[in-house]
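Asks: If you scroll down you'll find the structure; I have some questions about it.
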Amino acid sequence: MDRTNNSNHDVPFSYVSLPIGPHEDEAPVESRGKWKARPVVFCGLLVLVSLVAFNGYKGSNGNITTLTSNEDLKQKTIPSHKWKPVSRGVSAGVSEKSNRLFTKSNNIGGMLFPWNNTMLAWQRTAFHFQPEENWMNDPNGPLYYKGWYHFFYQYNPNGAFWGDIVWGHAVSRDLIHWIHLPLAMVADEWYDQNGVWTGSATILPNGDIIMLYTGATDALVQVQNLAYPADLSDPLLIDWIKYPKNPVLVPPPEIEVYDFRDPTTAWLTSQGKWRISIGSKMNKTGIALVYDTKDFKTFERIEGILHAVPKTGMWECVDFFPVSTKLDIGLDTSARGDDVKYVMKVSLDDDRHDYYALGTYDENGVDFVPDDTNKDVGTGLRYDYGVFYASKTFYDQSKERRVLWSWIGESDSEDADVAKGWASLMGIPRTIVFDKKTGSNLLQWPVEEVERLRMKRCKFHNEKVMPGSVVLLNIGSASQLDIEAEFNIDKKDIEKIKQTNEEYNCETSGGAANRGALGPFGLLVLADEGLSEYTPIYFYVVKGSNGNLKTSFCSDQSRSSLATDVDKSIFGSTVPVLEGEKLSLRILVDHSIVESFAQGGRTCVTSRVYPTTAIYENAQLFLFNNATEATVTASLNVWHMNSAFINDKQVKLKS
């Protein structure tokens with residue numbers, strides 16, 4: 001449906017501020033109070049709805065609930081009891097794989113929320129990749145081969161927590177609909193007995209496929225191993241062979257046996273050798289080691305290192321690839337030329353974020369030099385400012401694009417994960433290109449194939465959102481959405497605002513409840529009608545002492561859920577906005593994951609959200625403007641999204 005109206009709507013309303021702060025002082029069964037009048041925009045109609053004495057959706061016991069039938073009341077719940085997270089992974093020499101974010105920061109004292117099956121079932125995504133059950137983490141060795149996209153991933157076949165890691169395997173024609181295949185590699189040799197860990201694929205000019213991966217040996221030493229398909233004529237690459245003389249690389253003497261993992265895709269040097277990098281550290285300096293090989297069976301350690309940054313700790317999941325500065329296409333990992341910059345990306349074990357830097361690469365000196373030393377790896381730009389880790393790109397030769405995969409972990413308790421039977425998912429694959437307008441960052445955008453899932457569209461044009469207003473966009477259930485929106489601040493409002501020395505920080509400045517002259521404003525996703533739960537995705541603009549505008553793009557989880565055992569951080573960063581550009585965003589809402597992209601993907605924020613009431617038909621979408629001085633005009637396209645086909649059973653496939 002299309003709603004187009006060139007006139008602005010100035011709807012009278014009574015200002016009610018957004019509820020402030022996290023929920024720790026609130027009883028989860030109480031309503032959020034009384035609302036006098038709120039504008040409601042229907043898809044095709046504008047009305048004013050009075051919400052006097054709102055009391056929420058109440059079950060037979062008078063408490064707010066989302067149970068849909070009497071049978072739901074009989075469903076088993078997770079009992080409320082003290083919970084202490086168990087450390088997983090550290091003793092084996094990898095990152096912490098258990099969520100330990102709770103207790104102190106959210107003042108919950110380690111108390112579990114009594115989730116029921118209705119709530120937990122809603123959390124499973126509809127169009128993001130995830131296995132049918134159990135734990136998943138890092139993406140491994142993605143590639144395109146004979147008409148099929150192949151995706152491998154870290155997988156625990158024995159539970160919804162980290163451990164017993166093997167390689168899962170799935171294939172797709174379009175990166176959206178997936179079919180699961182048998183496990184590609186399991187931990188059945190001494191050199192990977194304690195885990196078949198992260199690795200990368202390289203397709204050679206003759207069509208051979210090389211897979212290098214880290215194995216945790218029987219003594220928990222991290223070594224690099226070689227594997228390859230048993231039958232290259234099989235487009236599904238179901239069977240894999242491990243090289244009989246593995247491992248092909250062991251930690252050098254100066255490197256700890258726990259600090260040598262995650263080989264990159266190889267790139268071809270001008271001397272005809274293949275070069276790889278492996279993440280490590282020396283004391284607290286993160287480093288990328290370099291090796292050359294001709295056959296992937298014997299390797300030569302190259303003197304020096306590809307790059308190092310002090311005080312960044314262990315570098316995991318190093319990725320190194322070229323980007324074109326002239327064309328909006330991806331490049332093969334071995335591409336070279338004058339119109340090329342290089343991307344150095346690392347996953348920092350210490351803070352579990354993915355950082356990147358743009359720069360130049362000296363092949364002979366084996367040296368990556370960042371364009372801006374103030375934005376070096378681990379200290380500057382990030383792929384994503386939310387829940388996002390262990391990312392890996394690959395070159396899709398079928399569409400000349402570079403595609404980015406990422407592991408999106410959970411932000412709830414391990415008890416809840418075990419109860420629902422699964423943990424973690426993958427972000428929607430993103431294309432990644434150089435931002436030619438700024439010349440200083442990358443652009444990330446969901447692959448075009450996800451748009452095939454779009455169904456009914458609601459279009460809202462030039463909606464005037466007055467300071468302090470919250471506007472319901474009446475589109476129906478808002479659990480699966482693709483949203484594109486533009487916002488414009490009235491120029492007169494900007495001109496009259498005084499300059500300020502205010503420094504806004506998404507994480508520390510109070511979230512969407514902190515009112516400034518020019519923000520925050522944006523959308524409330526996964527919100528219930530009474531706003532007891534909502535997740536703001538918003539812009540916050542500051543007029544600096546020099547008169548220039550500085551824009552932040554944020555995602556605020558502080559009121560996303562009444563549950564006490566979920567992380568409620570506020571994520572985000574600044575985003576470059578060039579002269580003449582409107583503020584623009586895109587949001588993919590898929591149940592418990594919200595992926596947000598500002599200004600064409602210059603700044604990205606991924607959140608995991610676990611509402612208890614704003615689920616199923618009670619999940620709604622709002623426009624909001626919590627600025628004190630600025631009137632904002634918003635135009636949106638909102639699509640409901642179909643579910644992807646992700647088959648978890650063996651089927652006969654046509655090659």
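FYI, nothing fancy with the structure tokens labels: chains A, B, ... in order, residues from 1 per chain, ligands from 1 as they appear.
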From a DSSP calculation on the backbone, collect every residue of range 454-504 of chain A in strand (DSSP E or B) and output the set as a list in words.

Replies: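 So the strand (DSSP E or B) residues in range 454-504 of chain A would be Arg454, Met455, Lys456, Arg457, Cys458, Lys459, Phe460, His461, Asn462, Glu463, Lys464, Val465, Ser469, Val470, Val471, Leu472, Leu473, Asn474, Gln480, Leu481, Asp482, Ile483, Glu484, Ala485, Glu486, Phe487, Asn488 and Ile489 of chain A.
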
Asks: Tell me which protein, DNA and RNA residues are within 12 Å of His177 in chain A, counting only C-alpha atoms, leaving out same-chain ones fewer than 3 positions away, and put them as a PDB file with N, CA, C and O atoms, in the first residue's frame.

Replies:
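Saved the output as result.pdb:
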```pdb
ATOM      1  N   ALA A 126      13.689 -15.409  10.977  1.00  0.00           N
ATOM      2  CA  ALA A 126      12.953 -15.918   9.819  1.00  0.00           C
ATOM      3  C   ALA A 126      13.767 -15.874   8.542  1.00  0.00           C
ATOM      4  O   ALA A 126      13.538 -16.674   7.629  1.00  0.00           O
ATOM      5  N   PHE A 127      14.738 -14.932   8.427  1.00  0.00           N
ATOM      6  CA  PHE A 127      15.493 -14.857   7.183  1.00  0.00           C
ATOM      7  C   PHE A 127      16.992 -14.662   7.398  1.00  0.00           C
ATOM      8  O   PHE A 127      17.710 -14.303   6.477  1.00  0.00           O
ATOM      9  N   HIS A 128      17.476 -14.918   8.598  1.00  0.00           N
ATOM     10  CA  HIS A 128      18.910 -14.959   8.864  1.00  0.00           C
ATOM     11  C   HIS A 128      19.367 -16.412   8.951  1.00  0.00           C
ATOM     12  O   HIS A 128      18.627 -17.267   9.433  1.00  0.00           O
ATOM     13  N   PHE A 129      20.601 -16.643   8.520  1.00  0.00           N
ATOM     14  CA  PHE A 129      21.100 -18.016   8.530  1.00  0.00           C
ATOM     15  C   PHE A 129      21.392 -18.471   9.953  1.00  0.00           C
ATOM     16  O   PHE A 129      22.056 -17.780  10.723  1.00  0.00           O
ATOM     17  N   GLN A 130      20.894 -19.650  10.287  1.00  0.00           N
ATOM     18  CA  GLN A 130      21.269 -20.324  11.522  1.00  0.00           C
ATOM     19  C   GLN A 130      20.929 -21.803  11.379  1.00  0.00           C
ATOM     20  O   GLN A 130      20.016 -22.173  10.638  1.00  0.00           O
ATOM     21  N   TRP A 148      26.827 -22.593  -6.791  1.00  0.00           N
ATOM     22  CA  TRP A 148      26.374 -22.677  -5.403  1.00  0.00           C
ATOM     23  C   TRP A 148      27.253 -21.816  -4.504  1.00  0.00           C
ATOM     24  O   TRP A 148      28.479 -21.811  -4.625  1.00  0.00           O
ATOM     25  N   TYR A 149      26.592 -21.099  -3.592  1.00  0.00           N
ATOM     26  CA  TYR A 149      27.318 -20.452  -2.500  1.00  0.00           C
ATOM     27  C   TYR A 149      27.493 -21.478  -1.386  1.00  0.00           C
ATOM     28  O   TYR A 149      26.527 -22.137  -0.981  1.00  0.00           O
ATOM     29  N   HIS A 150      28.731 -21.591  -0.921  1.00  0.00           N
ATOM     30  CA  HIS A 150      29.032 -22.512   0.174  1.00  0.00           C
ATOM     31  C   HIS A 150      29.343 -21.722   1.429  1.00  0.00           C
ATOM     32  O   HIS A 150      30.092 -20.739   1.399  1.00  0.00           O
ATOM     33  N   PHE A 151      28.758 -22.162   2.515  1.00  0.00           N
ATOM     34  CA  PHE A 151      29.002 -21.517   3.798  1.00  0.00           C
ATOM     35  C   PHE A 151      29.345 -22.581   4.831  1.00  0.00           C
ATOM     36  O   PHE A 151      28.591 -23.531   5.042  1.00  0.00           O
ATOM     37  N   ALA A 170      26.524 -25.538   4.611  1.00  0.00           N
ATOM     38  CA  ALA A 170      25.247 -25.306   3.941  1.00  0.00           C
ATOM     39  C   ALA A 170      25.508 -24.699   2.570  1.00  0.00           C
ATOM     40  O   ALA A 170      26.563 -24.099   2.332  1.00  0.00           O
ATOM     41  N   VAL A 171      24.543 -24.848   1.675  1.00  0.00           N
ATOM     42  CA  VAL A 171      24.672 -24.301   0.320  1.00  0.00           C
ATOM     43  C   VAL A 171      23.427 -23.505  -0.040  1.00  0.00           C
ATOM     44  O   VAL A 171      22.335 -23.725   0.496  1.00  0.00           O
ATOM     45  N   SER A 172      23.619 -22.571  -0.982  1.00  0.00           N
ATOM     46  CA  SER A 172      22.531 -21.697  -1.397  1.00  0.00           C
ATOM     47  C   SER A 172      22.757 -21.257  -2.833  1.00  0.00           C
ATOM     48  O   SER A 172      23.894 -21.162  -3.299  1.00  0.00           O
ATOM     49  N   ARG A 173      21.685 -20.955  -3.512  1.00  0.00           N
ATOM     50  CA  ARG A 173      21.781 -20.357  -4.845  1.00  0.00           C
ATOM     51  C   ARG A 173      21.842 -18.829  -4.778  1.00  0.00           C
ATOM     52  O   ARG A 173      22.262 -18.179  -5.736  1.00  0.00           O
ATOM     53  N   ASP A 174      21.411 -18.256  -3.624  1.00  0.00           N
ATOM     54  CA  ASP A 174      21.216 -16.804  -3.601  1.00  0.00           C
ATOM     55  C   ASP A 174      21.621 -16.131  -2.292  1.00  0.00           C
ATOM     56  O   ASP A 174      21.299 -14.955  -2.080  1.00  0.00           O
ATOM     57  N   HIS A 180      21.007 -27.315   4.393  1.00  0.00           N
ATOM     58  CA  HIS A 180      22.080 -27.843   5.221  1.00  0.00           C
ATOM     59  C   HIS A 180      22.581 -29.177   4.671  1.00  0.00           C
ATOM     60  O   HIS A 180      21.799 -30.032   4.260  1.00  0.00           O
ATOM     61  N   ILE A 428      22.952 -10.824   7.997  1.00  0.00           N
ATOM     62  CA  ILE A 428      22.664 -10.867   6.564  1.00  0.00           C
ATOM     63  C   ILE A 428      23.965 -10.563   5.819  1.00  0.00           C
ATOM     64  O   ILE A 428      24.666  -9.605   6.160  1.00  0.00           O
ATOM     65  N   GLU A 449      19.867  -9.692  -2.863  1.00  0.00           N
ATOM     66  CA  GLU A 449      18.936 -10.822  -2.880  1.00  0.00           C
ATOM     67  C   GLU A 449      17.921 -10.768  -1.740  1.00  0.00           C
ATOM     68  O   GLU A 449      16.817 -11.320  -1.850  1.00  0.00           O
ATOM     69  N   VAL A 450      18.273 -10.103  -0.624  1.00  0.00           N
ATOM     70  CA  VAL A 450      17.341 -10.057   0.504  1.00  0.00           C
ATOM     71  C   VAL A 450      16.070  -9.296   0.128  1.00  0.00           C
ATOM     72  O   VAL A 450      14.998  -9.544   0.705  1.00  0.00           O
ATOM     73  N   ARG A 452      14.275  -9.743  -2.329  1.00  0.00           N
ATOM     74  CA  ARG A 452      13.278 -10.660  -2.891  1.00  0.00           C
ATOM     75  C   ARG A 452      12.287 -11.137  -1.832  1.00  0.00           C
ATOM     76  O   ARG A 452      11.222 -11.681  -2.172  1.00  0.00           O
ATOM     77  N   LEU A 453      12.623 -10.957  -0.566  1.00  0.00           N
ATOM     78  CA  LEU A 453      11.721 -11.358   0.514  1.00  0.00           C
ATOM     79  C   LEU A 453      10.705 -10.273   0.847  1.00  0.00           C
ATOM     80  O   LEU A 453       9.804 -10.497   1.656  1.00  0.00           O
ATOM     81  N   ASN A 642       9.049 -11.719   3.999  1.00  0.00           N
ATOM     82  CA  ASN A 642       8.742 -13.140   3.995  1.00  0.00           C
ATOM     83  C   ASN A 642       9.851 -13.895   4.705  1.00  0.00           C
ATOM     84  O   ASN A 642      10.930 -13.358   4.961  1.00  0.00           O
ATOM     85  N   SER A 643       9.604 -15.151   5.010  1.00  0.00           N
ATOM     86  CA  SER A 643      10.626 -15.994   5.623  1.00  0.00           C
ATOM     87  C   SER A 643      11.463 -16.663   4.542  1.00  0.00           C
ATOM     88  O   SER A 643      10.962 -16.977   3.457  1.00  0.00           O
ATOM     89  N   ALA A 644      12.724 -16.863   4.831  1.00  0.00           N
ATOM     90  CA  ALA A 644      13.606 -17.577   3.917  1.00  0.00           C
ATOM     91  C   ALA A 644      13.412 -19.077   4.080  1.00  0.00           C
ATOM     92  O   ALA A 644      12.984 -19.554   5.137  1.00  0.00           O
ATOM     93  N   PHE A 645      13.753 -19.800   3.046  1.00  0.00           N
ATOM     94  CA  PHE A 645      13.739 -21.259   3.100  1.00  0.00           C
ATOM     95  C   PHE A 645      15.112 -21.716   3.588  1.00  0.00           C
ATOM     96  O   PHE A 645      16.123 -21.541   2.904  1.00  0.00           O
ATOM     97  N   ILE A 646      15.145 -22.248   4.788  1.00  0.00           N
ATOM     98  CA  ILE A 646      16.396 -22.795   5.337  1.00  0.00           C
ATOM     99  C   ILE A 646      16.088 -24.210   5.778  1.00  0.00           C
ATOM    100  O   ILE A 646      15.520 -24.448   6.839  1.00  0.00           O
ATOM    101  N   ASN A 647      16.433 -25.157   4.906  1.00  0.00           N
ATOM    102  CA  ASN A 647      16.058 -26.551   5.100  1.00  0.00           C
ATOM    103  C   ASN A 647      17.064 -27.236   5.997  1.00  0.00           C
ATOM    104  O   ASN A 647      18.257 -27.241   5.732  1.00  0.00           O
ATOM    105  N   ASP A 648      16.550 -27.876   7.045  1.00  0.00           N
ATOM    106  CA  ASP A 648      17.425 -28.529   8.002  1.00  0.00           C
ATOM    107  C   ASP A 648      17.431 -30.047   7.844  1.00  0.00           C
ATOM    108  O   ASP A 648      17.940 -30.750   8.691  1.00  0.00           O
TER     109      ASP A 648
END
```

Asks: Applying 9 Å and only C-alpha atoms, which residues near range 482-487 of chain A remain after dropping the ones on its own chain fewer than 6 positions away? List them as a PDB file with C-alpha atoms, in the first residue's frame.

Replies:
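Saved result, selection-v4.pdb, follows:
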```pdb
ATOM      1  CA  GLU A 451      14.975  -7.666  -1.280  1.00  0.00           C
ATOM      2  CA  ARG A 454       9.902  -8.023   0.530  1.00  0.00           C
ATOM      3  CA  ASN A 462       6.792  13.963   4.542  1.00  0.00           C
ATOM      4  CA  PHE A 521      15.021  11.197  16.533  1.00  0.00           C
ATOM      5  CA  GLY A 522      14.374   8.071  14.501  1.00  0.00           C
ATOM      6  CA  LYS A 582      19.695  13.839   3.960  1.00  0.00           C
ATOM      7  CA  LEU A 583      19.968  11.661   7.022  1.00  0.00           C
ATOM      8  CA  SER A 584      19.137   8.169   5.832  1.00  0.00           C
ATOM      9  CA  LEU A 585      18.944   4.734   7.367  1.00  0.00           C
ATOM     10  CA  ARG A 586      17.951   1.188   6.620  1.00  0.00           C
ATOM     11  CA  ILE A 587      16.858  -1.292   9.264  1.00  0.00           C
ATOM     12  CA  LEU A 588      16.346  -5.039   8.960  1.00  0.00           C
ATOM     13  CA  VAL A 589      14.170  -6.331  11.793  1.00  0.00           C
ATOM     14  CA  ASP A 590      14.059 -10.105  12.090  1.00  0.00           C
ATOM     15  CA  VAL A 632      11.865  16.555  11.816  1.00  0.00           C
ATOM     16  CA  THR A 633      10.257  15.515   8.541  1.00  0.00           C
ATOM     17  CA  ALA A 634      10.392  11.801   7.803  1.00  0.00           C
ATOM     18  CA  SER A 635       9.718   9.718   4.690  1.00  0.00           C
ATOM     19  CA  LEU A 636       9.718   5.938   4.883  1.00  0.00           C
ATOM     20  CA  ASN A 637       9.244   2.779   2.901  1.00  0.00           C
ATOM     21  CA  VAL A 638       8.401  -0.185   5.137  1.00  0.00           C
ATOM     22  CA  TRP A 639       8.168  -3.714   3.795  1.00  0.00           C
ATOM     23  CA  HIS A 640       6.957  -6.765   5.621  1.00  0.00           C
ATOM     24  CA  MET A 641       9.435  -9.566   4.990  1.00  0.00           C
TER      25      MET A 641
END
```

Asks: Neighbours of Ala201 in chain A within 9 Å (only C-alpha atoms; same-chain residues fewer than 3 positions away dropped), as a PyMOL selection string?

Replies: chain A and resi 140-143+209-213+264-266+394

Asks: Put those residues in a file: N, CA and C atoms, as a PDB file, in the first residue's frame.

Replies:
```
ATOM      1  N   ASN A 140      33.254 -19.613   8.272  1.00  0.00           N
ATOM      2  CA  ASN A 140      34.482 -20.221   7.781  1.00  0.00           C
ATOM      3  C   ASN A 140      34.424 -20.455   6.283  1.00  0.00           C
ATOM      4  N   GLY A 141      35.517 -20.146   5.603  1.00  0.00           N
ATOM      5  CA  GLY A 141      35.717 -20.526   4.214  1.00  0.00           C
ATOM      6  C   GLY A 141      34.585 -20.322   3.247  1.00  0.00           C
ATOM      7  N   PRO A 142      33.855 -19.189   3.287  1.00  0.00           N
ATOM      8  CA  PRO A 142      32.781 -19.004   2.308  1.00  0.00           C
ATOM      9  C   PRO A 142      33.342 -18.924   0.892  1.00  0.00           C
ATOM     10  N   LEU A 143      32.600 -19.444  -0.069  1.00  0.00           N
ATOM     11  CA  LEU A 143      33.048 -19.412  -1.467  1.00  0.00           C
ATOM     12  C   LEU A 143      31.868 -19.643  -2.392  1.00  0.00           C
ATOM     13  N   ILE A 209      40.471 -26.143  -4.944  1.00  0.00           N
ATOM     14  CA  ILE A 209      40.029 -25.425  -3.752  1.00  0.00           C
ATOM     15  C   ILE A 209      40.905 -25.823  -2.578  1.00  0.00           C
ATOM     16  N   ILE A 210      41.455 -24.830  -1.934  1.00  0.00           N
ATOM     17  CA  ILE A 210      42.317 -25.042  -0.780  1.00  0.00           C
ATOM     18  C   ILE A 210      41.611 -24.506   0.457  1.00  0.00           C
ATOM     19  N   MET A 211      41.561 -25.309   1.501  1.00  0.00           N
ATOM     20  CA  MET A 211      40.999 -24.857   2.762  1.00  0.00           C
ATOM     21  C   MET A 211      42.072 -24.984   3.834  1.00  0.00           C
ATOM     22  N   LEU A 212      42.468 -23.852   4.402  1.00  0.00           N
ATOM     23  CA  LEU A 212      43.381 -23.832   5.537  1.00  0.00           C
ATOM     24  C   LEU A 212      42.578 -23.516   6.788  1.00  0.00           C
ATOM     25  N   TYR A 213      42.814 -24.265   7.853  1.00  0.00           N
ATOM     26  CA  TYR A 213      42.066 -24.030   9.083  1.00  0.00           C
ATOM     27  C   TYR A 213      42.950 -24.283  10.297  1.00  0.00           C
ATOM     28  N   THR A 264      44.219 -16.566   6.762  1.00  0.00           N
ATOM     29  CA  THR A 264      43.422 -15.820   5.790  1.00  0.00           C
ATOM     30  C   THR A 264      43.301 -16.593   4.480  1.00  0.00           C
ATOM     31  N   THR A 265      42.425 -16.072   3.611  1.00  0.00           N
ATOM     32  CA  THR A 265      42.466 -16.463   2.204  1.00  0.00           C
ATOM     33  C   THR A 265      43.821 -16.053   1.640  1.00  0.00           C
ATOM     34  N   ALA A 266      44.390 -16.874   0.767  1.00  0.00           N
ATOM     35  CA  ALA A 266      45.710 -16.577   0.190  1.00  0.00           C
ATOM     36  C   ALA A 266      45.572 -15.622  -0.995  1.00  0.00           C
ATOM     37  N   PHE A 394      34.521 -12.855   1.297  1.00  0.00           N
ATOM     38  CA  PHE A 394      34.985 -13.650   0.164  1.00  0.00           C
ATOM     39  C   PHE A 394      34.624 -12.913  -1.120  1.00  0.00           C
TER      40      PHE A 394
END
```

Asks: I'd like to know which of A:Val366, A:Ile537, A:Ile329, A:Ile305 is closest to Ser555 in chain A, using only C-alpha atoms.

Replies: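 Counting only C-alpha atoms, the residue closest to Ser555 in chain A is A:Ile537.
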
Asks: For Thr325 in chain A, find every residue with an atom within 10 Å (counting only C-alpha atoms), except residues of its own chain fewer than 5 positions away, and show them as an MDAnalysis selection string.

Replies: chainID A and resid 338:342 433:436 439

Asks: When you count only C-alpha atoms, which of these residues is closest to Ile497 in chain A: A:Cys604, A:Ala598, A:Leu523, A:Ala630?

Replies: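 Answer, going by the shortest atom-to-atom distance: A:Ala630.
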
Asks: Using only C-alpha atoms, pick whichever of A:Tyr144, A:Phe368, A:Val257, A:Asp262 has the shortest atom-to-atom distance to Glu400 in chain A.

Replies: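 Of all the options, A:Tyr144 lies closest to Glu400 in chain A.
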
Asks: Name the closest residue to Ile615 in chain A among the candidates A:Gly279, A:Gly519, A:Ala419, A:Thr118; distances are taken between atoms, counting only C-alpha atoms.

Replies: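 Using only C-alpha atoms, Ile615 in chain A sits closest to A:Thr118.
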
Asks: Using DSSP secondary structure from the backbone, list all helix (DSSP H, G or I) positions within range 74-257 of chain A, as a list in words.

Replies: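 The residues of range 74-257 of chain A classed as helix (DSSP H, G or I) are Lys74, Val90, Ser91, Ala92, Asn117, Thr118, Met119, Leu120, Ala121, Trp122, Gln123, Trp190, Tyr191 and Asp192 of chain A.
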
Asks: Using 10 Å as the limit and counting only C-alpha atoms, can you tabulate each residue of range 433-452 of chain A that touches range 383-393 of chain A, with its shortest atom-to-atom distance in Å and the two atoms involved, as JSON lines?

Replies:
```
{"residue": "A:Asn441", "atom": "CA", "partner": "A:Tyr383", "partner_atom": "CA", "distance": 9.7}
{"residue": "A:Leu442", "atom": "CA", "partner": "A:Tyr383", "partner_atom": "CA", "distance": 8.3}
{"residue": "A:Leu443", "atom": "CA", "partner": "A:Tyr383", "partner_atom": "CA", "distance": 9.1}
{"residue": "A:Gln444", "atom": "CA", "partner": "A:Tyr383", "partner_atom": "CA", "distance": 8.1}
```

Asks: I'd like to know which of A:Gly168, A:Pro576, A:Gly195, A:Gly272 is closest to Gln599 in chain A, using only C-alpha atoms.

Replies: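 Result for the nearest residue to Gln599 in chain A: A:Pro576.
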
Asks: With only C-alpha atoms as the counted atoms, please give the residues lying no more than 7 Å from Asn246 in chain A, apart from itself and same-chain residues fewer than 3 positions off, as a list in words.

Replies: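 Near neighbours after the sequence-gap exclusion: Asn225, Leu226 and Tyr243 of chain A.
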
Asks: Since we have the selection now, will you write its residues out, keeping all heavy atoms, as a short mmCIF file (atom, residue, chain, number, x, y, z; two decimals), in the first residue's frame?

Replies:
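So part-v9.cif came out as:
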```cif
data_model
loop_
_atom_site.label_atom_id
_atom_site.label_comp_id
_atom_site.auth_asym_id
_atom_site.auth_seq_id
_atom_site.Cartn_x
_atom_site.Cartn_y
_atom_site.Cartn_z
N ASN A 225 46.15 -26.38 9.39
CA ASN A 225 45.97 -27.62 8.65
C ASN A 225 45.38 -27.36 7.27
O ASN A 225 44.74 -26.34 7.04
CB ASN A 225 45.05 -28.55 9.43
CG ASN A 225 45.56 -28.83 10.83
OD1 ASN A 225 46.69 -29.27 11.01
ND2 ASN A 225 44.73 -28.54 11.84
N LEU A 226 45.62 -28.31 6.40
CA LEU A 226 45.16 -28.24 5.01
C LEU A 226 44.08 -29.28 4.76
O LEU A 226 44.18 -30.43 5.20
CB LEU A 226 46.34 -28.48 4.07
CG LEU A 226 46.04 -28.74 2.59
CD1 LEU A 226 45.40 -27.51 1.95
CD2 LEU A 226 47.33 -29.13 1.85
N TYR A 243 44.70 -33.27 4.65
CA TYR A 243 46.04 -33.61 4.16
C TYR A 243 46.71 -34.58 5.14
O TYR A 243 46.76 -34.31 6.35
CB TYR A 243 46.85 -32.33 4.01
CG TYR A 243 48.27 -32.51 3.57
CD1 TYR A 243 48.59 -33.25 2.45
CD2 TYR A 243 49.30 -31.89 4.27
CE1 TYR A 243 49.91 -33.39 2.04
CE2 TYR A 243 50.62 -32.01 3.87
CZ TYR A 243 50.92 -32.77 2.75
OH TYR A 243 52.23 -32.90 2.35
#
```

Asks: Which of these, A:Phe296, A:Trp274, A:Phe260, A:Tyr395, has the shortest distance to Phe321 in chain A once you count only C-alpha atoms?

Replies: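 Looking at the shortest contact to Phe321 in chain A, the residue is A:Tyr395.
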